[in-house]
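Below is protein-v2.cif, holding mmCIF, C-alpha atoms.
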data_start
loop_
_atom_site.label_atom_id
_atom_site.label_comp_id
_atom_site.auth_asym_id
_atom_site.auth_seq_id
_atom_site.Cartn_x
_atom_site.Cartn_y
_atom_site.Cartn_z
CA MET A 1 32.37 102.19 83.09
CA SER A 2 34.54 99.38 84.48
CA ARG A 3 33.09 96.36 86.26
CA ASP A 4 35.00 97.37 89.41
CA ALA A 5 33.34 100.77 89.35
CA VAL A 6 29.91 99.19 88.96
CA LYS A 7 30.73 96.79 91.79
CA PHE A 8 31.83 99.70 93.99
CA GLY A 9 28.66 101.62 93.17
CA ARG A 10 26.50 98.72 94.31
CA MET A 11 28.18 98.52 97.69
CA SER A 12 26.39 99.78 100.76
CA LYS A 13 27.56 103.04 102.27
CA LYS A 14 29.27 101.16 105.11
CA GLN A 15 31.07 98.85 102.67
CA ARG A 16 32.24 101.79 100.55
CA GLU A 17 33.53 103.58 103.63
CA LYS A 18 35.43 100.44 104.66
CA VAL A 19 37.10 100.22 101.22
CA GLU A 20 37.91 103.93 101.29
CA ASP A 21 39.40 103.56 104.78
CA GLU A 22 41.66 100.74 103.59
CA VAL A 23 42.81 102.86 100.65
CA ARG A 24 43.63 105.75 102.98
CA TYR A 25 45.47 103.43 105.33
CA HIS A 26 47.66 101.91 102.59
CA ARG A 27 48.35 105.33 101.08
CA ALA A 28 49.42 106.57 104.50
CA GLN A 29 51.75 103.57 104.83
CA GLN A 30 53.31 104.25 101.44
CA ARG A 31 53.65 107.93 102.24
CA ALA A 32 55.34 107.13 105.55
CA GLN A 33 57.81 104.87 103.79
CA THR A 34 58.71 107.34 101.05
CA GLU A 35 58.63 110.66 102.85
CA THR A 36 61.53 111.26 105.19
CA ALA A 37 60.78 114.87 106.12
CA PRO A 38 57.06 115.77 106.17
CA ASP A 39 56.37 119.41 105.44
CA SER A 40 55.21 121.23 108.55
CA SER A 41 55.51 124.90 109.34
CA VAL A 42 54.92 124.45 113.04
CA PHE A 43 56.22 121.00 113.99
CA ASP A 44 59.45 120.39 112.12
CA GLN A 45 60.59 116.78 111.97
CA GLN A 46 63.63 116.42 114.20
CA THR A 47 66.15 113.62 114.24
CA PRO A 48 65.97 111.91 117.63
CA SER A 49 69.02 111.01 119.61
CA SER A 50 69.84 107.38 118.97
CA SER A 51 70.90 106.86 122.56
CA ASP A 52 67.76 108.29 124.15
CA GLN A 53 65.23 105.52 123.85
CA LEU A 54 62.59 104.26 126.23
CA GLN A 55 63.15 100.56 126.38
CA TYR A 56 60.73 97.67 126.49
CA GLY A 57 62.95 95.13 128.18
CA GLY A 58 65.88 95.38 125.78
CA TYR A 59 63.90 96.78 122.87
CA GLY A 60 63.95 100.51 122.40
CA TYR A 61 60.90 102.62 121.67
CA THR A 62 61.65 104.65 118.56
CA SER A 63 59.66 107.35 116.85
CA GLU A 64 58.78 104.94 114.07
CA VAL A 65 55.46 103.77 115.43
CA GLY A 66 55.34 100.10 116.23
CA SER A 67 59.06 99.69 115.59
CA TYR A 68 61.03 98.14 118.41
CA GLY A 69 64.69 97.94 117.55
CA SER A 70 67.23 96.16 119.69
CA SER A 71 69.09 98.65 121.82
CA SER A 72 71.52 98.65 124.67
CA HIS A 73 70.92 102.28 125.56
CA GLY A 74 68.39 103.55 128.06
CA TYR A 75 66.99 107.01 128.60
CA SER A 76 69.90 109.18 129.66
CA GLY A 77 68.04 111.67 131.84
CA TYR A 78 66.34 115.05 131.76
CA GLY A 79 67.78 118.36 130.61
CA GLN A 80 67.37 121.75 132.23
CA VAL A 81 63.95 123.33 132.47
CA ALA A 82 63.57 126.19 130.00
CA GLN A 83 61.55 129.30 130.75
CA HIS A 84 58.80 129.94 128.24
CA ALA A 85 55.75 132.09 127.62
CA GLY A 86 52.36 130.80 126.49
CA MET A 87 51.64 131.11 122.78
CA GLN A 88 48.39 130.99 120.86
CA TYR A 89 48.33 128.18 118.35
CA ASP A 90 46.66 128.03 114.95
CA ILE A 91 46.53 124.32 114.23
CA SER A 92 44.75 124.55 110.87
CA ALA A 93 47.80 124.77 108.59
CA ASP A 94 49.24 121.57 109.97
CA TYR A 95 46.24 119.45 110.81
CA VAL A 96 46.65 117.13 107.84
CA ASP A 97 50.32 116.63 108.74
CA TYR A 98 49.27 115.74 112.29
CA VAL A 99 46.80 113.15 111.09
CA ASP A 100 49.34 111.79 108.61
CA SER A 101 51.75 111.35 111.50
CA THR A 102 49.23 109.10 113.23
CA THR A 103 48.39 106.95 110.23
CA ALA A 104 51.78 105.47 109.40
CA TYR A 105 50.67 102.33 111.19
CA ASP A 106 47.56 100.28 111.77
CA PRO A 107 45.75 101.69 114.83
CA ARG A 108 43.40 98.74 115.02
CA PRO A 109 43.40 96.72 118.26
CA THR A 110 46.06 94.07 118.58
CA PRO A 111 45.05 90.40 118.53
CA GLY A 112 43.54 89.36 121.83
CA THR A 113 42.29 92.86 122.66
CA PRO A 114 38.49 92.99 123.04
CA SER A 115 36.90 94.69 120.05
CA VAL A 116 35.64 98.24 120.50
CA ASP A 117 32.22 99.11 119.19
CA THR A 118 32.88 102.15 117.04
CA PRO A 119 30.59 103.82 114.53
CA ALA A 120 30.87 103.05 110.82
CA THR A 121 32.92 106.20 110.36
CA ASP A 122 35.48 105.38 113.06
CA SER A 123 38.29 105.28 110.50
CA ALA A 124 36.94 108.04 108.31
CA LEU A 125 38.53 110.71 110.50
CA LEU A 126 41.07 111.84 107.96
CA PRO A 127 39.99 115.14 106.41
CA SER A 128 40.21 115.26 102.64
CA ALA A 129 41.06 118.95 102.75
CA VAL A 130 42.50 121.38 105.26
CA THR A 131 39.89 123.42 107.10
CA THR A 132 40.52 126.82 108.62
CA ASP A 133 37.34 126.91 110.71
CA PRO A 134 38.44 126.76 114.39
CA ALA A 135 35.24 124.95 115.37
CA GLN A 136 35.75 122.30 112.69
CA ILE A 137 39.39 121.89 113.67
CA SER A 138 38.41 121.33 117.31
CA GLU A 139 35.79 118.82 116.22
CA LEU A 140 38.33 116.91 114.13
CA LEU A 141 40.76 116.88 117.03
CA SER A 142 38.04 115.60 119.34
CA LYS A 143 37.08 112.79 116.97
CA THR A 144 40.67 111.74 116.35
CA ILE A 145 41.64 111.69 120.04
CA ALA A 146 38.38 109.98 121.03
CA ASP A 147 39.07 107.31 118.42
CA ALA A 148 42.61 106.85 119.78
CA HIS A 149 41.17 106.44 123.28
CA ALA A 150 38.55 103.90 122.17
CA ARG A 151 41.11 101.83 120.26
CA THR A 152 43.49 101.65 123.21
CA CYS A 153 41.14 100.99 126.11
CA LEU A 154 41.24 97.34 127.11
CA PHE A 155 37.47 97.14 127.59
CA THR A 156 34.45 99.11 126.46
CA LEU A 157 32.25 100.89 129.00
CA GLU A 158 29.45 98.44 128.15
CA HIS A 159 31.64 95.50 129.15
CA ILE A 160 32.78 97.25 132.33
CA HIS A 161 29.21 98.08 133.38
CA ASP A 162 28.18 94.49 132.70
CA MET A 163 30.92 93.38 135.07
CA PHE A 164 29.64 95.85 137.70
CA ARG A 165 26.30 94.01 137.70
CA LYS A 166 27.73 90.51 138.10
CA PRO A 167 27.46 88.84 141.52
CA GLN A 168 30.52 89.34 143.71
CA ASP A 169 32.92 86.42 143.90
CA LEU A 170 33.86 86.42 147.59
CA SER A 171 36.66 83.90 147.07
CA LYS A 172 38.45 86.36 144.75
CA LEU A 173 37.93 89.19 147.22
CA ILE A 174 39.47 87.09 150.00
CA TYR A 175 42.31 86.07 147.67
CA TYR A 176 43.36 89.67 147.05
CA LYS A 177 42.87 90.75 150.65
CA ASP A 178 45.10 87.91 151.85
CA MET A 179 47.78 88.49 149.23
CA ALA A 180 51.30 88.93 150.61
CA HIS A 181 52.81 92.43 150.54
CA GLU A 182 55.43 91.69 147.88
CA GLU A 183 52.99 89.71 145.78
CA LEU A 184 50.47 92.57 145.84
CA TRP A 185 53.07 95.05 144.63
CA LEU A 186 54.12 92.81 141.73
CA GLU A 187 50.51 92.07 140.84
CA CYS A 188 49.64 95.78 140.71
CA ALA A 189 52.85 96.58 138.81
CA GLN A 190 51.98 94.03 136.15
CA LYS A 191 48.43 95.36 135.77
CA LEU A 192 49.75 98.93 135.63
CA THR A 193 52.28 97.98 132.96
CA THR A 194 49.55 96.48 130.79
CA VAL A 195 47.52 99.69 131.03
CA ILE A 196 50.57 101.82 130.27
CA GLN A 197 51.30 99.83 127.12
CA GLN A 198 47.88 100.94 125.92
CA ILE A 199 48.55 104.52 127.05
CA ILE A 200 51.73 104.60 124.97
CA GLU A 201 49.72 103.49 121.95
CA PHE A 202 47.18 106.22 122.73
CA ALA A 203 49.97 108.83 122.86
CA LYS A 204 51.21 107.73 119.44
CA MET A 205 47.76 108.40 117.99
CA VAL A 206 47.38 111.89 119.50
CA PRO A 207 47.80 114.30 116.56
CA GLY A 208 51.21 115.96 116.69
CA PHE A 209 52.74 113.75 119.38
CA MET A 210 54.89 111.72 117.01
CA LYS A 211 56.23 114.93 115.47
CA LEU A 212 57.70 116.06 118.77
CA HIS A 213 61.37 115.45 119.40
CA GLN A 214 61.82 111.90 120.62
CA ASP A 215 63.42 113.09 123.85
CA ASP A 216 60.26 115.09 124.57
CA GLN A 217 58.03 112.12 123.75
CA ILE A 218 59.93 110.11 126.36
CA VAL A 219 59.77 112.87 128.99
CA LEU A 220 56.00 113.26 128.50
CA LEU A 221 55.41 109.51 128.72
CA LYS A 222 57.62 109.01 131.77
CA ALA A 223 56.00 111.92 133.58
CA GLY A 224 52.40 111.34 132.53
CA SER A 225 51.85 107.60 132.21
CA PHE A 226 50.87 107.00 135.85
CA GLU A 227 48.55 110.01 135.79
CA LEU A 228 46.79 108.74 132.66
CA ALA A 229 46.52 105.29 134.25
CA ILE A 230 44.59 106.83 137.17
CA LEU A 231 42.29 108.59 134.72
CA ARG A 232 41.61 105.27 133.04
CA MET A 233 41.00 103.70 136.43
CA SER A 234 38.02 106.04 136.82
CA ARG A 235 36.25 104.10 134.06
CA TYR A 236 36.43 101.02 136.30
CA TYR A 237 35.11 102.77 139.41
CA ASP A 238 31.56 101.91 140.42
CA LEU A 239 30.13 104.70 142.56
CA SER A 240 27.20 102.60 143.77
CA GLN A 241 29.48 99.92 145.27
CA ASN A 242 32.41 102.23 146.02
CA CYS A 243 34.63 99.59 144.42
CA VAL A 244 36.93 99.31 141.44
CA LEU A 245 36.81 96.55 138.83
CA TYR A 246 40.17 94.83 139.09
CA ALA A 247 40.95 91.59 137.24
CA GLU A 248 37.21 91.00 136.71
CA THR A 249 36.62 91.36 140.46
CA MET A 250 35.02 94.27 142.30
CA LEU A 251 37.51 95.28 144.97
CA PRO A 252 37.03 97.88 147.72
CA GLN A 253 39.72 100.31 148.72
CA ASP A 254 40.88 98.29 151.71
CA ALA A 255 41.75 95.30 149.51
CA PHE A 256 44.90 97.23 148.57
CA TYR A 257 45.83 98.29 152.10
CA THR A 258 49.20 97.33 153.58
CA ASN A 259 50.96 98.14 156.83
CA GLU A 260 53.11 100.84 155.20
CA THR A 261 51.98 104.42 155.82
CA ALA A 262 53.20 105.75 152.44
CA GLU A 263 51.37 102.97 150.60
CA MET A 264 48.15 103.49 152.56
CA ARG A 265 48.27 107.19 151.76
CA LEU A 266 48.83 106.45 148.07
CA VAL A 267 45.90 104.01 147.90
CA ASN A 268 43.58 106.45 149.67
CA PHE A 269 44.47 109.35 147.39
CA VAL A 270 44.27 107.25 144.20
CA PHE A 271 40.80 105.99 145.10
CA ASP A 272 39.65 109.46 146.10
CA PHE A 273 40.82 110.91 142.81
CA ALA A 274 39.37 108.11 140.67
CA ARG A 275 36.08 108.53 142.53
CA SER A 276 36.08 112.29 141.93
CA ILE A 277 36.58 111.76 138.18
CA ALA A 278 33.85 109.11 138.07
CA GLU A 279 31.49 111.57 139.79
CA MET A 280 32.03 114.04 136.95
CA LYS A 281 30.22 111.64 134.58
CA LEU A 282 32.54 112.46 131.71
CA THR A 283 31.86 111.08 128.26
CA GLU A 284 34.52 108.91 126.65
CA THR A 285 35.40 111.80 124.32
CA GLU A 286 35.87 114.15 127.28
CA LEU A 287 38.03 111.65 129.14
CA ALA A 288 40.10 111.14 125.99
CA LEU A 289 40.65 114.87 125.50
CA TYR A 290 41.40 115.39 129.18
CA SER A 291 43.95 112.57 129.03
CA ALA A 292 45.59 114.22 126.03
CA VAL A 293 45.75 117.54 127.91
CA VAL A 294 47.46 115.83 130.85
CA LEU A 295 49.85 114.04 128.49
CA LEU A 296 50.77 117.24 126.64
CA SER A 297 51.79 119.21 129.73
CA PRO A 298 54.42 121.73 128.57
CA ASP A 299 55.72 122.34 132.11
CA ARG A 300 57.26 118.89 132.60
CA PRO A 301 60.91 119.21 133.67
CA GLY A 302 63.37 118.36 130.90
CA LEU A 303 61.32 119.24 127.84
CA LYS A 304 63.12 120.82 124.89
CA GLY A 305 60.38 121.79 122.43
CA ILE A 306 58.27 123.64 124.97
CA ALA A 307 56.78 126.07 122.44
CA GLU A 308 55.59 123.24 120.18
CA ILE A 309 54.06 121.30 123.08
CA THR A 310 52.41 124.46 124.42
CA ARG A 311 50.75 125.21 121.08
CA LEU A 312 49.50 121.65 120.69
CA SER A 313 48.31 121.54 124.31
CA GLN A 314 46.33 124.76 123.83
CA ALA A 315 44.64 123.33 120.73
CA VAL A 316 43.58 120.21 122.65
CA GLN A 317 42.43 122.28 125.64
CA ARG A 318 40.31 124.38 123.28
CA ALA A 319 38.72 121.20 121.90
CA LEU A 320 38.11 119.94 125.45
CA ARG A 321 36.42 123.17 126.52
CA ILE A 322 34.16 123.18 123.46
CA GLU A 323 33.20 119.55 124.08
CA MET A 324 32.51 120.09 127.79
CA ASP A 325 30.57 123.29 127.20
CA ARG A 326 28.35 121.29 124.85
CA THR A 327 27.77 118.23 127.07
CA HIS A 328 28.02 119.90 130.52
CA PRO A 329 26.56 123.39 129.99
CA GLN A 330 25.60 123.92 133.63
CA PRO A 331 28.35 125.34 135.89
CA ILE A 332 29.28 123.38 139.00
CA LYS A 333 29.21 126.37 141.33
CA GLY A 334 28.88 130.03 140.43
CA ASP A 335 30.63 130.50 137.12
CA VAL A 336 32.99 127.51 137.53
CA THR A 337 32.47 125.16 134.59
CA VAL A 338 33.11 121.42 134.55
CA CYS A 339 36.11 122.09 132.32
CA ASP A 340 37.53 124.59 134.83
CA ALA A 341 37.11 122.00 137.60
CA MET A 342 38.84 119.31 135.55
CA LEU A 343 41.80 121.51 134.67
CA ALA A 344 42.12 122.47 138.34
CA LYS A 345 42.57 118.79 139.20
CA ILE A 346 45.79 118.44 137.19
CA PRO A 347 48.07 119.56 140.07
CA VAL A 348 46.45 116.83 142.22
CA LEU A 349 47.48 114.29 139.62
CA ARG A 350 51.06 115.56 139.92
CA ASP A 351 50.92 115.04 143.69
CA LEU A 352 49.62 111.50 143.18
CA SER A 353 52.47 110.74 140.81
CA MET A 354 54.97 111.90 143.43
CA LEU A 355 53.27 109.81 146.13
CA HIS A 356 53.55 106.79 143.84
CA MET A 357 57.26 107.35 143.26
CA ASP A 358 57.89 107.84 146.99
CA ALA A 359 56.04 104.66 147.95
CA LEU A 360 57.74 102.70 145.15
CA ALA A 361 61.20 103.92 146.13
CA LYS A 362 60.64 102.92 149.75
CA PHE A 363 59.33 99.50 148.76
CA LYS A 364 62.23 98.83 146.39
CA ARG A 365 64.74 99.73 149.07
CA SER A 366 63.20 97.12 151.36
CA THR A 367 62.92 94.44 148.64
CA PRO A 368 65.90 94.86 146.28
CA HIS A 369 65.60 91.21 145.18
CA LEU A 370 62.23 91.69 143.45
CA GLU A 371 62.14 92.02 139.66
CA PHE A 372 59.55 94.39 138.21
CA PRO A 373 58.37 94.36 134.57
CA ALA A 374 60.94 95.93 132.23
CA LEU A 375 58.67 98.76 131.04
CA HIS A 376 57.67 99.53 134.63
CA LYS A 377 61.34 99.84 135.61
CA GLU A 378 62.06 102.17 132.69
CA LEU A 379 59.13 104.46 133.37
CA PHE A 380 59.39 104.53 137.16
CA SER A 381 63.11 104.49 137.75
CA VAL A 382 63.89 105.31 141.37
CA ASP A 383 67.66 104.94 141.06
CA SER A 384 68.38 108.54 140.10
#

Can you dump the structure from the file as structure tokens?
Amino acid sequence: MSRDAVKFGRMSKKQREKVEDEVRYHRAQQRAQTETAPDSSVFDQQTPSSSDQLQYGGYGYTSEVGSYGSSSHGYSGYGQVAQHAGMQYDISADYVDYVDSTTAYDPRPTPGTPSVDTPATDSALLPSAVTTDPAQISELLSKTIADAHARTCLFTLEHIHDMFRKPQDLSKLIYYKDMAHEELWLECAQKLTTVIQQIIEFAKMVPGFMKLHQDDQIVLLKAGSFELAILRMSRYYDLSQNCVLYAETMLPQDAFYTNETAEMRLVNFVFDFARSIAEMKLTETELALYSAVVLLSPDRPGLKGIAEITRLSQAVQRALRIEMDRTHPQPIKGDVTVCDAMLAKIPVLRDLSMLHMDALAKFKRSTPHLEFPALHKELFSVDS
């Protein structure tokens, strides 16, 4: 027996798991570099259009995760909506390919991001063999998506709840309430852009997302990023104070009020929705799965691979229902489950997204001189 083997055998279970995780990570990197066309019977690798890239201020988002190549081309627009029928989806044959597609990069938090307290097995989510048990597949999906959510949230729930309990800084409250109209918009746009950068990283880690056609990835991100940002806002909503944690300050709804009717309506609806999600008392896993369901909406205008997105969406919805049936077994009213209630809220999110675009378009028309963050402009283009 080699000395390395003896050394490995003496390691604690946590240390061994850490070494094994690193081995898996480096193997995934090597595999990503050498394999150009991963075998998949459901999600075939497609070559994205080189001109259709979501840009980060002059740097295009490509389907190579974490790769930002210089580009002068922006997203060229949406195609026609295709009619489709729902299809049942057996994810088992391709689950390993999905996970492989999410491990071609290091999903660990970027420098400066607060560390997330994850269990010792947070990286040991890669199955060593394909399972055909639907329950096990749903469990693996849940763990993978929950891990993606935890790694891309700016703060843990523990940190957020600690901030809830801190004494209110009235000077900060007055500062935001007295902020000029234009300054408030730019402040919120910058905060929103920061959250959306994390949402994009979350999307990359959702099994199967990076195997979709790049055009479809862009459509889903453009359509869903604001909706997912509102879902993440619910983590920062304190029901006892009826305030939201914003820039380490607890702010009430009226701190964001302006004299514009469209903006007031948007603020009211956003707070109402965030409050309604907070009242559901979802676990982080449930919020992660629900976010993935919203992201993988196959009815977004302009999608091309609707059948693929539908099958993946159904698999995630199945995992969400199993998780919610386990943690929220009691129906809300009659036979309406918590999962049913959450899925019924998705159209409201669509309405909120439209209200946001309407208010933004009106504001930009009145202040054409203001410069928004580059990613914000790409995602929320009001020119077309």

Between atom CA of Tyr237 of chain A and atom CA of Ile332 of chain A - distance in Å to one decimal: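 Atom CA of Tyr237 of chain A lies at a distance of 21.4 Å from atom CA of Ile332 of chain A.
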
Residues picked by the PyMOL selection byres ((chain A and resi 318) around 10) here, as a count of residues only? 20

Pairwise distance for atom CA of His356 of chain A and atom CA of Pro298 of chain A, rounded to one decimal in Å: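 These atoms are spaced 21.4 Å apart.
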
The PyMOL selection byres ((chain A and resi 227) around 12) applied to the shown file, residues as a ChimeraX atom specification: /A:192,195-196,199,220-226,228-234,270,273-274,290-297,345-357

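Interatomic distance, atom CA of Ser171 of chain A to atom CA of Phe256 of chain A: 15.7 Å.
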
Using the chain letters and numbers from the file, which residues does the PyMOL selection byres ((chain A and resi 205) around 6) grab, as a list of chain:residue names?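 On the file shown, the PyMOL selection byres ((chain A and resi 205) around 6) covers A:Thr102, A:Ala148, A:Phe202, A:Ala203, A:Lys204, A:Val206.
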
Residues from the last selection, C-alpha atoms, saved as a tab-separated table (two decimals), in the frame of the given file:
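Result file is result.tsv:
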chain	number	residue	atom	x	y	z
A	102	THR	CA	49.23	109.10	113.23
A	148	ALA	CA	42.61	106.85	119.78
A	202	PHE	CA	47.18	106.22	122.73
A	203	ALA	CA	49.97	108.83	122.86
A	204	LYS	CA	51.21	107.73	119.44
A	206	VAL	CA	47.38	111.89	119.50

Taking all atoms listed in the file into account, which of A:Thr327, A:Thr285, A:Thr193, A:Thr310 comes nearest Phe209 of chain A? A:Thr310

Ranking A:Leu186, A:Ala288, A:Ala307, A:Cys243 by minimum distance to Lys364 of chain A and counting only C-alpha atoms, which one comes first?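 Going through A:Leu186, A:Ala288, A:Ala307, A:Cys243 one by one, the smallest distance to Lys364 of chain A is for A:Leu186.
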
Give me, as a list in words, all polymer residues having an atom no more than 8 Å from Gln198 of chain A, counting all atoms listed in the file and skipping those fewer than 5 positions away in the same chain.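 Neighbouring residues, sequence-local ones excluded: Thr152, Cys153 and Leu154 of chain A.
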
Spatial neighbours of Asp162 of chain A, max dist 12 Å, all atoms listed in the file, sep filter under 3 positions, as a PyMOL selection string: chain A and resi 155-159+165-167+236+238+245+248-250

Return the single residue from A:Leu375, A:Met342, A:Ala361, A:Val244 that is closest to Met280 of chain A, with distances computed using all atoms listed in the file.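 Ranked by minimum distance to Met280 of chain A, first place goes to A:Met342.
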